[in-house]
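This report refers to the structure that appears directly beneath it.
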Amino acid sequence: MQIFLANPRGFCAGVKRAIKIVEELLVLYTSPIYVYHEIIHNKYIIDLFIKKGVIFVNDICKVPIGSVLVFSAHGVSNKVEEEAKLRQLRIFDATCPLVKKVHKKVYYASLKDKELILIGYKGHPEVEGTIGRYNPQSSGKMHVIISSKEIDKLKINNTKNLNFITQTTLSVDDTVHIVNKLRSRFPLIAGPKKNDICYATFNRQKAIKNLSDYVELILIVGSKNSSNSNRLKEIVQLIGKSVYLIDSVKEIKKNWLRGINNIGIISSASAPEILVKEIVDYLKYLGANKIRELIGEKEEITFKIPKLL
C-alpha cells in the first residue's frame, strides 16, 4: 500500500495566529483564560487547551467580570463585543484577519444602506458574527443563502443597491455557481472581484482534487463541525472516490483499507500535522511501504498576534 500526502495541508495562518494567542495568554495569566466559542473547530486542539485550563463558553454572561476573554478565529458580532466590554473583560481578538476584512465590508455596506446577500451556512459562528456586523440602524437588509435554489425566493427591495459577500470556508465550485446565478438574476449586484473564500480553503480544495487522481481512498483529518473539512469531503464524494472525515487515527477501521493499494491523506486548515503523522505511522505498521508527498501551492502568509502579546 502506498500513501500519498496532499500539499498544502494543515494549519492556515489564521488558525496558527489564534492558537498562538491562547498559548501566549496561558503563559501571561495565572487566572483562567476564557474563549468565546471554540477557538478553532478541531477536537484535538480544544481538548488540549481544556487540559491546560482554558474555559470555552457560548455565553458572555458566563465569563466572570474582569476576566481574560478571547474571541475565536471565526469572529463575533458587534453585540457580543459590546457585551464583553460591559463586563469589563480583558479582550483579545483572535478573529482571522481575512474574516475581519469581510466584517468591514459588511459594516461599510450597511452605512450606505446597501442590501447584502451573504453566501454562507446559517448557524455557523463565522456567519453569525458576520451578520452581527451589519449596522442595525441601516435601512438596508441582510439575506443569507447557501444554494442557488434559494436565489429565486429572495425578495430584494432595491436591486441597484445590492452587494454579495461570502463565508471564507465555502466550496469554491459551488460558490462560483451561486455567484453566477446571482449575477444572472441581479445584473447590477456588486461584489468582490474574487469571492471572500480564503486562500487556505482554495488551496486545500485544489490539493484534494489533485490527490484524488492518485488514490482509491482519501482520509481527511478534521473535525465534524469544521466547515472547511466538510467541504473537502463533499468534493471527494462528487468525484466518486471513497472518503472518510476523521478526528484521529483511532477512528480508522481496518475494513476501510481492504483492497486499497493507494491511500491519500489531507488535513483541513484547522487540523495539526501531528494527527497526520500518527495516521502515517499506523498505516506503515499495517504494511504501507511507500510515502509520496504531492506538490502543491506554497503558503507563506503569516498574521501577527496583538501587540500586547
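A note on labels: chains of the C-alpha cells are A, B, ... as shown, every chain counts residues from 1, and ligands are counted from 1 in their shown order.
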Can you tell me which residues surround Gln167 of chain A at a distance of at most 10 Å, considering only C-alpha atoms, apart from same-chain residues fewer than 3 positions away, and format the answer as a PyMOL selection string?
chain A and resi 99+102+118-121+124+126-127+130+146+170-171+175+195-198+227
Name all residues at most 10 Å from segment 5-7 of chain A (count only C-alpha atoms; drop same-chain ones fewer than 6 positions away) and give them as an NGL selection string.
:A and (203-204 or 206-212 or 218-219 or 263-267 or 276 or 280 or 291-299)
Can you pull out every residue from segment 165-234 of chain A that DSSP, working from the backbone, puts in alpha helix (DSSP H), and format the result as an MDAnalysis selection string?
chainID A and resid 172:185 199:212 227:234
Dump as a compact mmCIF listing (two decimals), in the first residue's frame, selection limited to C-alpha atoms:
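Saved the output as again.txt:
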```txt
# COMPACT_ATOMS: atom_id res chain seq x y z
CA VAL A 172 -15.09 27.19 -4.39
CA ASP A 173 -17.01 25.47 -7.20
CA ASP A 174 -20.41 25.78 -5.50
CA THR A 175 -19.79 29.45 -4.73
CA VAL A 176 -18.90 30.26 -8.34
CA HIS A 177 -22.18 28.65 -9.42
CA ILE A 178 -24.18 30.63 -6.84
CA VAL A 179 -22.49 33.92 -7.73
CA ASN A 180 -23.11 33.36 -11.44
CA LYS A 181 -26.80 32.81 -10.78
CA LEU A 182 -26.93 35.90 -8.56
CA ARG A 183 -25.40 37.99 -11.34
CA SER A 184 -27.88 36.50 -13.78
CA ARG A 185 -30.91 37.43 -11.69
CA TYR A 199 -6.52 31.21 0.28
CA ALA A 200 -6.15 28.13 2.52
CA THR A 201 -9.63 26.84 1.71
CA PHE A 202 -8.97 27.37 -2.00
CA ASN A 203 -5.56 25.67 -1.88
CA ARG A 204 -6.77 22.60 0.03
CA GLN A 205 -9.72 22.10 -2.29
CA LYS A 206 -7.34 22.24 -5.24
CA ALA A 207 -4.98 19.84 -3.45
CA ILE A 208 -7.66 17.25 -2.73
CA LYS A 209 -8.76 17.21 -6.37
CA ASN A 210 -5.15 16.53 -7.33
CA LEU A 211 -4.85 13.87 -4.63
CA SER A 212 -7.94 12.04 -5.89
CA SER A 227 -16.70 23.86 7.58
CA ASN A 228 -13.52 23.62 5.52
CA SER A 229 -13.19 19.91 6.43
CA ASN A 230 -16.72 19.12 5.30
CA ARG A 231 -16.24 20.94 2.01
CA LEU A 232 -13.22 18.72 1.29
CA LYS A 233 -15.30 15.61 1.95
CA GLU A 234 -18.05 16.83 -0.39
```
Can you list, as a ChimeraX atom specification, all residues belonging to segment 19-199 of chain A that DSSP tags as strand (DSSP E or B)?
/A:33-36,55-57,68-71,90-93,115-119,142-145,162-166,190
So that I can check the surroundings of Glu273 of chain A, please list as a PyMOL selection string every protein, DNA and RNA residue that reaches within 9 Å of it, counting only C-alpha atoms and ignoring chain neighbours fewer than 3 positions away.
chain A and resi 9-11+267+276-278
Skip segment 49-56 of chain A itself and residues of its chain fewer than 5 positions away, then list as a PyMOL selection string all residues within 8 Å of it, counting only C-alpha atoms.
chain A and resi 26+32-38
Set the distance at 12 Å and use only C-alpha atoms: which residues neighbour Glu251 of chain A once local chain neighbours fewer than 4 positions away are removed? I'd like the list as a list in words.
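Within the cut-off, the hits are Leu219, Ile220, Val221, Gly222, Ser223, Tyr244, Leu245, Ile246, Asp247, Asn255, Trp256, Leu275, Glu278, Ile279 and Tyr282 of chain A.
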Nearby residues (only C-alpha atoms) at most 12 Å from Cys61 of chain A, same-chain spacing under 3 positions excluded, as a PyMOL selection string:
chain A and resi 34+36+57-58+64-67+69+80+82-89
Writer output for current selection, N, CA and C atoms, as a compact mmCIF listing (two decimals), in the first residue's frame:
```
# COMPACT_ATOMS: atom_id res chain seq x y z
N TYR A 34 -10.67 32.49 29.19
CA TYR A 34 -11.96 32.13 28.61
C TYR A 34 -11.92 32.38 27.10
N TYR A 36 -14.58 32.57 23.73
CA TYR A 36 -15.96 32.58 23.26
C TYR A 36 -16.06 31.67 22.04
N VAL A 57 -16.77 29.03 26.33
CA VAL A 57 -18.14 29.40 26.68
C VAL A 57 -18.89 29.83 25.42
N ASN A 58 -20.21 29.68 25.49
CA ASN A 58 -21.07 30.15 24.40
C ASN A 58 -21.96 31.30 24.84
N PRO A 64 -16.69 35.55 34.20
CA PRO A 64 -16.65 36.46 35.35
C PRO A 64 -16.13 37.85 34.98
N ILE A 65 -16.71 38.86 35.59
CA ILE A 65 -16.32 40.26 35.33
C ILE A 65 -14.81 40.43 35.53
N GLY A 66 -14.18 41.09 34.57
CA GLY A 66 -12.75 41.37 34.69
C GLY A 66 -11.84 40.27 34.19
N SER A 67 -12.40 39.16 33.71
CA SER A 67 -11.59 38.03 33.26
C SER A 67 -10.98 38.28 31.87
N LEU A 69 -10.75 37.25 28.11
CA LEU A 69 -11.62 36.60 27.13
C LEU A 69 -11.01 36.70 25.74
N VAL A 80 -21.95 40.86 20.73
CA VAL A 80 -21.08 40.07 21.63
C VAL A 80 -19.92 40.93 22.11
N GLU A 82 -19.81 44.18 22.44
CA GLU A 82 -20.31 45.18 23.40
C GLU A 82 -20.61 44.54 24.75
N GLU A 83 -21.17 43.35 24.75
CA GLU A 83 -21.46 42.63 26.00
C GLU A 83 -20.17 42.37 26.77
N ALA A 84 -19.13 42.00 26.04
CA ALA A 84 -17.84 41.73 26.68
C ALA A 84 -17.25 42.99 27.30
N LYS A 85 -17.40 44.11 26.62
CA LYS A 85 -16.89 45.38 27.14
C LYS A 85 -17.67 45.82 28.39
N LEU A 86 -18.97 45.58 28.39
CA LEU A 86 -19.80 45.95 29.54
C LEU A 86 -19.41 45.15 30.78
N ARG A 87 -18.90 43.95 30.57
CA ARG A 87 -18.47 43.12 31.70
C ARG A 87 -17.01 43.41 32.08
N GLN A 88 -16.44 44.43 31.45
CA GLN A 88 -15.07 44.87 31.74
C GLN A 88 -14.07 43.73 31.58
N LEU A 89 -14.25 42.97 30.53
CA LEU A 89 -13.36 41.84 30.27
C LEU A 89 -12.11 42.31 29.53
```
Phe303 of chain A environment, 12 Å, only C-alpha atoms, sequence neighbours closer than 4 positions dropped, as a PyMOL selection string:
chain A and resi 12-21+94-98+307
Residue with smallest distance to Ile39 of chain A - pool A:Lys79, A:Ile117, A:Met1, A:Ser270, counting only C-alpha atoms:
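Among the listed residues, the smallest separation from Ile39 of chain A belongs to A:Ser270.
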In Å, with one decimal, what is the gap from atom CA of Gly75 of chain A to atom CA of Ser226 of chain A?
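Atom CA of Gly75 of chain A sits 14.7 Å away from atom CA of Ser226 of chain A.
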